[in-house]
Structure formats: structure tokens, C-alpha cells
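Chemist: Sharing a structure with you now.
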Amino acid sequence: MKVGVLALQGAVGEHIRSLESAGASGTAVKRTEQLSELDGLIIPGGESTTIGKLMRKYGFIEAIQDFSREGKPLFGTCAGLIVMAKEIEGGEESHLGLMDIKVSRNAFGRQRESFETDLEVKGLDAPLRAVFIRAPLITAAGPGVEVLSTYKDEIVTARQGHLLVSSFHPELTDDFSLHAYFVEMIKQTKRP
């Protein structure tokens with residue numbers, strides 16, 4: 001199983017390490033042609049506006065939308081969550097517009113308000129260590145969106161079919177259980 005990590009910005013190496021710990025082969029994706037070789041794709045954190053601009057510049061918007069239409073799983077973390085959302089508060093244009101969620105950027109404050117916590121995530125056997133860095137928040141979720149975890153009654157992990165998002169950075173700890181959950185999602189879509 002080959003899973004790509006969009007390598008325009010963010011902790012690409014850390015995501016690849018987590019994927020490999022979860023039993024998948026991880027690869028950095030720098031060209032749209034690579035998408036055809038993949039079973040799943042992670043859109044990592046960074047700065048969502050910058051990632052959006054780079055995706056447009058290199059033709060990734062349409063390519064990833066096509067990838068999603070094929071039913072191939074996508075996982076957006078932190079800024080990747082924003083990039084996947086249908087609506088961004090504050091009037092910012094959506095990027096991929098794939099997931100039926102509304103998001104608020106930097107909802108947890110600036111860099112100095114970053115924090116770690118243990119989260120109960122539906123589908124995981126044990127609490128997950130979550131690192132929040134200038135994290136976004138899901139402020140509204142459509143009827144097809146399953147909430148997987150909340151922090152202080154706010155949605156921070158969600159799934160809609162083959163789409164998975166988290167407000168936090170699961171790749172910045174040694175706990176690869178959310179990556180393993182994503183790998184299992186990919187296995188489910190590959191089964192006849």
C-alpha cells in the first residue's frame with residue numbers, strides 16, 4: 001500500500017515515518033503525476049493560504065479533486081483540514097472544497113498558545129496524544145460528517161466517507177494510531 005504526503009509545506013518526513021510505523025509505504029508527493037500511483041494521500045499542516053496558492057500553481061486542486069472522486073482516501077491535518085473544507089470562516093475562498101465542514105483558522109490562538117493533550121478518538125483503542133499548533137477548529141459539520149473527537153466541546157477530528165481530518169498534528173508524537181486508522185480506511189476502500 002502506497003500513501004503519499006503532499007510535499008508543498010509541512011512535516012512531510014514525520015508523516016512518512018508515522019505511515020511506515022502503521023505498515024504503509026509513505027512517499028513525498030511533489031508532482032500531480034504521482035497521484036495515480038497512490039492508494040491514499042495526506043495533506044499536512046503548514047499555512048493554508050500558502051498551501052492553497054502552491055496547489056493552484058502546480059495543478060494540484062483539480063488533480064486532488066479527481067483523486068477524491070475516485071474514492072481514494074484523503075487525510076488533512078491542521079492546515080490540511082482547512083484546505084479540504086467546503087467553507088472557511090472570514091470569507092476566505094475554499095481550496096479543495098471536498099468535506100462538508102466549516103472551519104475557523106487559528107481558532108486556538110497564536111503559536112504561544114500551542115498545547116498537547118490526550119484525546120479520546122472514536123475508533124481508537126486508547127487516548128491519542130494530540131499536538132495543537134495554531135490549530136483550526138471545525139465550527140459546523142454537515143449531516144454526512146461523523147465527529148470522531150472533540151476538545152472542550154469543539155470538533156477536532158472528523159470523517160466523511162473516505163475523507164479524514166484533524167485539527168492537530170498526529171505526526172509530531174510517537175503515537176501513530178490515527179495514521180493506522182487512516183491506513184485501515186484505505187484497506188477498506190481497496191477491498192472488493
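Labels used: A, B, ... for chains in the order of the C-alpha cells, numbers from 1 for residues in each chain, and numbers from 1 for ligands as shown.
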Might you pull out every residue within 6 Å of region 138-149 of chain A, with only C-alpha atoms counted and same-chain residues fewer than 6 positions away left off, and present them as a list in words?

Modeler: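 With the cut-off at 6 Å, the set is Asp100, Ile101, Lys102, Val103, Val121, Lys122, Ile155, Val156, Thr157, Ala158, Arg159 and Gln160 of chain A.
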
Chemist: Keeping only N, CA and C atoms, write the selected residues as a PDB file, in the first residue's frame.

Modeler:
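Result file result-v1.pdb:
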ATOM      1  N   ASP A 100     -17.734  18.415   3.885  1.00  0.00           N
ATOM      2  CA  ASP A 100     -18.867  19.249   4.269  1.00  0.00           C
ATOM      3  C   ASP A 100     -18.700  19.777   5.693  1.00  0.00           C
ATOM      4  N   ILE A 101     -17.674  20.633   5.856  1.00  0.00           N
ATOM      5  CA  ILE A 101     -17.403  21.245   7.155  1.00  0.00           C
ATOM      6  C   ILE A 101     -17.107  22.726   6.954  1.00  0.00           C
ATOM      7  N   LYS A 102     -17.362  23.484   8.030  1.00  0.00           N
ATOM      8  CA  LYS A 102     -16.995  24.898   8.084  1.00  0.00           C
ATOM      9  C   LYS A 102     -15.893  25.004   9.127  1.00  0.00           C
ATOM     10  N   VAL A 103     -14.827  25.736   8.813  1.00  0.00           N
ATOM     11  CA  VAL A 103     -13.691  25.800   9.732  1.00  0.00           C
ATOM     12  C   VAL A 103     -13.319  27.240  10.082  1.00  0.00           C
ATOM     13  N   VAL A 121     -10.556   9.324  20.778  1.00  0.00           N
ATOM     14  CA  VAL A 121     -10.964   9.384  19.373  1.00  0.00           C
ATOM     15  C   VAL A 121     -11.759   8.121  19.048  1.00  0.00           C
ATOM     16  N   LYS A 122     -12.963   8.308  18.541  1.00  0.00           N
ATOM     17  CA  LYS A 122     -13.819   7.179  18.174  1.00  0.00           C
ATOM     18  C   LYS A 122     -13.080   6.308  17.159  1.00  0.00           C
ATOM     19  N   ILE A 155     -15.282  20.431  17.814  1.00  0.00           N
ATOM     20  CA  ILE A 155     -14.908  19.307  16.943  1.00  0.00           C
ATOM     21  C   ILE A 155     -13.465  19.461  16.467  1.00  0.00           C
ATOM     22  N   VAL A 156     -12.641  18.419  16.710  1.00  0.00           N
ATOM     23  CA  VAL A 156     -11.237  18.470  16.298  1.00  0.00           C
ATOM     24  C   VAL A 156     -10.806  17.283  15.423  1.00  0.00           C
ATOM     25  N   THR A 157     -11.649  16.259  15.306  1.00  0.00           N
ATOM     26  CA  THR A 157     -11.373  15.136  14.405  1.00  0.00           C
ATOM     27  C   THR A 157     -12.708  14.705  13.801  1.00  0.00           C
ATOM     28  N   ALA A 158     -12.714  14.507  12.467  1.00  0.00           N
ATOM     29  CA  ALA A 158     -13.972  14.128  11.817  1.00  0.00           C
ATOM     30  C   ALA A 158     -13.691  13.299  10.569  1.00  0.00           C
ATOM     31  N   ARG A 159     -14.746  12.571  10.162  1.00  0.00           N
ATOM     32  CA  ARG A 159     -14.642  11.734   8.970  1.00  0.00           C
ATOM     33  C   ARG A 159     -15.922  11.852   8.144  1.00  0.00           C
ATOM     34  N   GLN A 160     -15.756  11.885   6.845  1.00  0.00           N
ATOM     35  CA  GLN A 160     -16.884  11.854   5.920  1.00  0.00           C
ATOM     36  C   GLN A 160     -16.525  10.854   4.825  1.00  0.00           C
TER      37      GLN A 160
END

Chemist: For Leu172 (chain A), list every protein, DNA or RNA residue within 10 Å, evaluated using only C-alpha atoms, and leave out those in the same chain fewer than 6 positions away; present the list as a PDB file with C-alpha atoms, in the first residue's frame.

Modeler:
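The file below, out_29.pdb, is the result:
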ATOM      1  CA  ALA A  11       6.042  17.954   8.365  1.00  0.00           C
ATOM      2  CA  GLU A  14       7.204  12.946  10.146  1.00  0.00           C
ATOM      3  CA  HIS A  15       4.018  11.851   8.334  1.00  0.00           C
ATOM      4  CA  SER A  18       4.112   7.577  11.051  1.00  0.00           C
ATOM      5  CA  ARG A 129      -1.606  12.323  22.210  1.00  0.00           C
ATOM      6  CA  ALA A 130      -2.550  15.397  20.155  1.00  0.00           C
ATOM      7  CA  VAL A 131      -0.339  18.407  19.438  1.00  0.00           C
ATOM      8  CA  PHE A 132      -2.255  21.631  18.684  1.00  0.00           C
TER       9      PHE A 132
END

Chemist: I'd like to know which of A:Lys2, A:Lys86, A:Arg17, A:Lys30 is closest to Asp175 (chain A), using only C-alpha atoms.

Modeler: A:Arg17

Chemist: Determine the nearest neighbour of Glu92 (chain A) from the options A:Ser48, A:Ile43, A:Ser114, A:Asp174, counting only C-alpha atoms.

Modeler: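 Going through A:Ser48, A:Ile43, A:Ser114, A:Asp174 one by one, the smallest distance to Glu92 (chain A) is for A:Ser48.
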
Chemist: Which residue is closest to Ala85 (chain A)? Choose from A:Leu54, A:Leu164, A:Ala28, A:Leu35 and count only C-alpha atoms.

Modeler: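 Nearest candidate to Ala85 (chain A) out of A:Leu54, A:Leu164, A:Ala28, A:Leu35: A:Leu164.
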
Chemist: So that I can check the surroundings of Ile64 (chain A), please list as a list in words every protein, DNA and RNA residue that reaches within 10 Å of it, counting only C-alpha atoms and ignoring chain neighbours fewer than 6 positions away.

Modeler: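 Contacts, in chain order: Thr32, Leu35, Leu41, Met55, Glu70, Lys72, Leu74, Met84, Leu96 and Leu98 of chain A.
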
Chemist: A:Leu178, A:Ile186, A:Ile42, A:Ala107: which is nearest Pro127 (chain A), counting only C-alpha atoms?

Modeler: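 Residue with the minimum atom-to-atom distance to Pro127 (chain A): A:Leu178.
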
Chemist: Quick one: pull the distance between CA of Glu154 (chain A) and CA of Pro170 (chain A), Å, one decimal.

Modeler: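 Computing it gives 17.5 Å between the two atoms.
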
Chemist: Near Ala135 (chain A), counting only C-alpha atoms, which residues have an atom at most 8 Å away, once you skip same-chain residues fewer than 5 positions from it, shown as a list in words?

Modeler: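 Surrounding residues, per the criterion: Cys78, Ala79, Arg105, Asn106, Ala107, Phe108, Gly109, Ser114, Ser167 and Phe168 of chain A.
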
Chemist: Could you write those residues out with all heavy atoms, as a PDB file, in the first residue's frame?

Modeler:
ATOM      1  N   CYS A  78      -4.357  19.723  10.474  1.00  0.00           N
ATOM      2  CA  CYS A  78      -4.191  21.147  10.756  1.00  0.00           C
ATOM      3  C   CYS A  78      -4.522  21.969   9.503  1.00  0.00           C
ATOM      4  O   CYS A  78      -5.681  22.035   9.113  1.00  0.00           O
ATOM      5  CB  CYS A  78      -2.795  21.427  11.315  1.00  0.00           C
ATOM      6  SG  CYS A  78      -2.686  23.040  12.145  1.00  0.00           S
ATOM      7  N   ALA A  79      -3.547  22.579   8.842  1.00  0.00           N
ATOM      8  CA  ALA A  79      -3.842  23.362   7.636  1.00  0.00           C
ATOM      9  C   ALA A  79      -4.461  22.486   6.550  1.00  0.00           C
ATOM     10  O   ALA A  79      -5.272  22.957   5.748  1.00  0.00           O
ATOM     11  CB  ALA A  79      -2.580  24.040   7.116  1.00  0.00           C
ATOM     12  N   ARG A 105      -9.962  29.340  11.127  1.00  0.00           N
ATOM     13  CA  ARG A 105      -8.494  29.265  11.158  1.00  0.00           C
ATOM     14  C   ARG A 105      -7.963  29.780  12.490  1.00  0.00           C
ATOM     15  O   ARG A 105      -8.544  30.675  13.087  1.00  0.00           O
ATOM     16  CB  ARG A 105      -7.897  30.118  10.029  1.00  0.00           C
ATOM     17  CG  ARG A 105      -8.285  29.645   8.652  1.00  0.00           C
ATOM     18  CD  ARG A 105      -7.788  30.582   7.571  1.00  0.00           C
ATOM     19  NE  ARG A 105      -6.341  30.495   7.513  1.00  0.00           N
ATOM     20  CZ  ARG A 105      -5.557  31.547   7.281  1.00  0.00           C
ATOM     21  NH1 ARG A 105      -6.055  32.734   7.098  1.00  0.00           N
ATOM     22  NH2 ARG A 105      -4.254  31.390   7.225  1.00  0.00           N
ATOM     23  N   ASN A 106      -6.843  29.226  12.944  1.00  0.00           N
ATOM     24  CA  ASN A 106      -6.151  29.669  14.173  1.00  0.00           C
ATOM     25  C   ASN A 106      -7.118  29.845  15.345  1.00  0.00           C
ATOM     26  O   ASN A 106      -6.975  30.765  16.137  1.00  0.00           O
ATOM     27  CB  ASN A 106      -5.390  30.977  13.932  1.00  0.00           C
ATOM     28  CG  ASN A 106      -4.343  30.860  12.851  1.00  0.00           C
ATOM     29  OD1 ASN A 106      -3.813  29.777  12.608  1.00  0.00           O
ATOM     30  ND2 ASN A 106      -4.044  31.950  12.184  1.00  0.00           N
ATOM     31  N   ALA A 107      -8.100  28.960  15.447  1.00  0.00           N
ATOM     32  CA  ALA A 107      -9.145  29.081  16.472  1.00  0.00           C
ATOM     33  C   ALA A 107      -8.580  28.967  17.890  1.00  0.00           C
ATOM     34  O   ALA A 107      -9.169  29.482  18.829  1.00  0.00           O
ATOM     35  CB  ALA A 107     -10.214  28.016  16.243  1.00  0.00           C
ATOM     36  N   PHE A 108      -7.447  28.295  18.030  1.00  0.00           N
ATOM     37  CA  PHE A 108      -6.864  28.103  19.357  1.00  0.00           C
ATOM     38  C   PHE A 108      -5.822  29.169  19.687  1.00  0.00           C
ATOM     39  O   PHE A 108      -5.114  29.055  20.670  1.00  0.00           O
ATOM     40  CB  PHE A 108      -6.244  26.706  19.467  1.00  0.00           C
ATOM     41  CG  PHE A 108      -7.271  25.608  19.563  1.00  0.00           C
ATOM     42  CD1 PHE A 108      -7.553  24.812  18.465  1.00  0.00           C
ATOM     43  CD2 PHE A 108      -7.962  25.377  20.740  1.00  0.00           C
ATOM     44  CE1 PHE A 108      -8.493  23.798  18.552  1.00  0.00           C
ATOM     45  CE2 PHE A 108      -8.912  24.366  20.832  1.00  0.00           C
ATOM     46  CZ  PHE A 108      -9.177  23.575  19.734  1.00  0.00           C
ATOM     47  N   GLY A 109      -5.716  30.195  18.838  1.00  0.00           N
ATOM     48  CA  GLY A 109      -4.780  31.282  19.145  1.00  0.00           C
ATOM     49  C   GLY A 109      -3.458  31.160  18.409  1.00  0.00           C
ATOM     50  O   GLY A 109      -3.302  30.373  17.486  1.00  0.00           O
ATOM     51  N   SER A 114       0.024  27.182  21.761  1.00  0.00           N
ATOM     52  CA  SER A 114       0.082  25.772  21.359  1.00  0.00           C
ATOM     53  C   SER A 114       0.103  24.891  22.603  1.00  0.00           C
ATOM     54  O   SER A 114       0.591  25.303  23.659  1.00  0.00           O
ATOM     55  CB  SER A 114       1.337  25.520  20.528  1.00  0.00           C
ATOM     56  OG  SER A 114       1.303  26.310  19.358  1.00  0.00           O
ATOM     57  N   SER A 167      -7.663  18.615  13.578  1.00  0.00           N
ATOM     58  CA  SER A 167      -7.194  19.982  13.847  1.00  0.00           C
ATOM     59  C   SER A 167      -5.732  19.995  14.283  1.00  0.00           C
ATOM     60  O   SER A 167      -5.054  21.004  14.181  1.00  0.00           O
ATOM     61  CB  SER A 167      -8.014  20.608  14.978  1.00  0.00           C
ATOM     62  OG  SER A 167      -9.346  20.774  14.604  1.00  0.00           O
ATOM     63  N   PHE A 168      -5.290  18.881  14.806  1.00  0.00           N
ATOM     64  CA  PHE A 168      -3.973  18.773  15.438  1.00  0.00           C
ATOM     65  C   PHE A 168      -2.977  18.056  14.525  1.00  0.00           C
ATOM     66  O   PHE A 168      -3.303  17.666  13.411  1.00  0.00           O
ATOM     67  CB  PHE A 168      -4.097  18.049  16.781  1.00  0.00           C
ATOM     68  CG  PHE A 168      -4.846  16.745  16.685  1.00  0.00           C
ATOM     69  CD1 PHE A 168      -4.191  15.560  16.408  1.00  0.00           C
ATOM     70  CD2 PHE A 168      -6.229  16.712  16.856  1.00  0.00           C
ATOM     71  CE1 PHE A 168      -4.880  14.362  16.309  1.00  0.00           C
ATOM     72  CE2 PHE A 168      -6.933  15.513  16.763  1.00  0.00           C
ATOM     73  CZ  PHE A 168      -6.264  14.348  16.484  1.00  0.00           C
TER      74      PHE A 168
END

Chemist: DSSP on the backbone, alpha helix (DSSP H) only: what residues of region 15-177 of chain A does that give? Format it as a PyMOL selection string.

Modeler: chain A and resi 15-21+48-57+60-69+79-84+177

Chemist: So which residues of region 12-132 of chain A fall under strand (DSSP E or B) by DSSP, listed as a PyMOL selection string?

Modeler: chain A and resi 25-29+40-43+74-77+85-88+99-104+115-119+128-132

Chemist: Those same residues - N, CA and C atoms - I'd like them written as a compact mmCIF listing (two decimals), in the first residue's frame.

Modeler:
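Result file part-v1.txt:
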# COMPACT_ATOMS: atom_id res chain seq x y z
N SER A 25 3.62 2.16 2.98
CA SER A 25 4.78 2.78 2.36
C SER A 25 4.43 4.25 2.12
N GLY A 26 5.24 5.15 2.67
CA GLY A 26 4.97 6.58 2.51
C GLY A 26 5.90 7.21 1.50
N THR A 27 5.38 8.19 0.76
CA THR A 27 6.21 8.87 -0.24
C THR A 27 5.84 10.34 -0.32
N ALA A 28 6.84 11.19 -0.53
CA ALA A 28 6.61 12.63 -0.69
C ALA A 28 6.07 12.89 -2.10
N VAL A 29 5.00 13.66 -2.18
CA VAL A 29 4.36 13.96 -3.47
C VAL A 29 4.65 15.40 -3.86
N GLY A 40 -3.74 6.41 -1.15
CA GLY A 40 -4.27 7.42 -0.25
C GLY A 40 -3.31 8.60 -0.22
N LEU A 41 -3.79 9.74 0.33
CA LEU A 41 -2.97 10.96 0.35
C LEU A 41 -3.21 11.72 1.64
N ILE A 42 -2.10 12.22 2.24
CA ILE A 42 -2.17 13.09 3.41
C ILE A 42 -1.82 14.51 2.97
N ILE A 43 -2.64 15.47 3.41
CA ILE A 43 -2.33 16.89 3.21
C ILE A 43 -1.92 17.42 4.58
N LEU A 74 -8.37 10.52 1.70
CA LEU A 74 -7.57 11.72 1.96
C LEU A 74 -7.61 12.03 3.44
N PHE A 75 -6.48 12.49 3.98
CA PHE A 75 -6.37 12.83 5.40
C PHE A 75 -5.71 14.20 5.49
N GLY A 76 -6.45 15.18 6.02
CA GLY A 76 -5.91 16.52 6.18
C GLY A 76 -5.66 16.82 7.64
N THR A 77 -4.43 17.25 7.97
CA THR A 77 -4.09 17.58 9.35
C THR A 77 -3.81 19.08 9.46
N ALA A 85 -11.76 21.69 3.57
CA ALA A 85 -13.09 22.16 3.96
C ALA A 85 -13.85 22.84 2.83
N LYS A 86 -15.19 22.69 2.86
CA LYS A 86 -16.05 23.39 1.89
C LYS A 86 -16.17 24.86 2.22
N GLU A 87 -16.06 25.22 3.50
CA GLU A 87 -16.25 26.62 3.89
C GLU A 87 -15.24 27.03 4.96
N ILE A 88 -14.66 28.23 4.76
CA ILE A 88 -13.70 28.79 5.72
C ILE A 88 -14.28 30.09 6.25
N MET A 99 -14.84 18.44 1.84
CA MET A 99 -15.52 17.93 3.03
C MET A 99 -16.56 18.93 3.51
N ASP A 100 -17.73 18.41 3.88
CA ASP A 100 -18.87 19.25 4.27
C ASP A 100 -18.70 19.78 5.69
N ILE A 101 -17.67 20.63 5.86
CA ILE A 101 -17.40 21.25 7.16
C ILE A 101 -17.11 22.73 6.95
N LYS A 102 -17.36 23.48 8.03
CA LYS A 102 -17.00 24.90 8.08
C LYS A 102 -15.89 25.00 9.13
N VAL A 103 -14.83 25.74 8.81
CA VAL A 103 -13.69 25.80 9.73
C VAL A 103 -13.32 27.24 10.08
N SER A 104 -12.74 27.38 11.26
CA SER A 104 -12.21 28.64 11.74
C SER A 104 -10.69 28.48 11.84
N PHE A 115 -0.43 23.68 22.47
CA PHE A 115 -0.51 22.78 23.62
C PHE A 115 -0.64 21.33 23.16
N GLU A 116 -0.45 20.42 24.11
CA GLU A 116 -0.65 18.99 23.87
C GLU A 116 -1.71 18.48 24.85
N THR A 117 -2.47 17.47 24.41
CA THR A 117 -3.46 16.87 25.29
C THR A 117 -3.73 15.44 24.84
N ASP A 118 -4.32 14.65 25.72
CA ASP A 118 -4.75 13.30 25.34
C ASP A 118 -6.21 13.36 24.91
N LEU A 119 -6.51 12.81 23.75
CA LEU A 119 -7.86 12.85 23.19
C LEU A 119 -8.44 11.46 23.03
N LEU A 128 -5.33 9.34 22.31
CA LEU A 128 -4.28 9.75 21.37
C LEU A 128 -3.63 11.02 21.88
N ARG A 129 -2.31 11.09 21.84
CA ARG A 129 -1.61 12.32 22.21
C ARG A 129 -1.71 13.27 21.02
N ALA A 130 -2.31 14.44 21.23
CA ALA A 130 -2.55 15.40 20.16
C ALA A 130 -1.79 16.69 20.40
N VAL A 131 -1.11 17.17 19.37
CA VAL A 131 -0.34 18.41 19.44
C VAL A 131 -1.08 19.48 18.63
N PHE A 132 -1.53 20.52 19.32
CA PHE A 132 -2.26 21.63 18.68
C PHE A 132 -1.32 22.83 18.52

Chemist: With distances taken over only C-alpha atoms, which of A:His162, A:Glu62, A:Arg31, A:Val83 is nearest to Glu184 (chain A)?

Modeler: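 Closest residue, counting only C-alpha atoms: A:His162.
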
Chemist: So how far away is CA of Gly10 (chain A) from CA of Gly46 (chain A), in Å?

Modeler: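 CA of Gly46 (chain A) sits 4.7 Å away from CA of Gly10 (chain A).
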
Chemist: Nearest to Ala180 (chain A) among A:Glu47, A:Asp125, A:Asp153, A:Glu89, with distances taken over only C-alpha atoms: which residue is it?

Modeler: A:Asp125

Chemist: One decimal, Å: what's the distance from CA of Leu163 (chain A) over to CA of Pro44 (chain A), could you say?

Modeler: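 Between CA of Leu163 (chain A) and CA of Pro44 (chain A) the gap works out to 13.7 Å.
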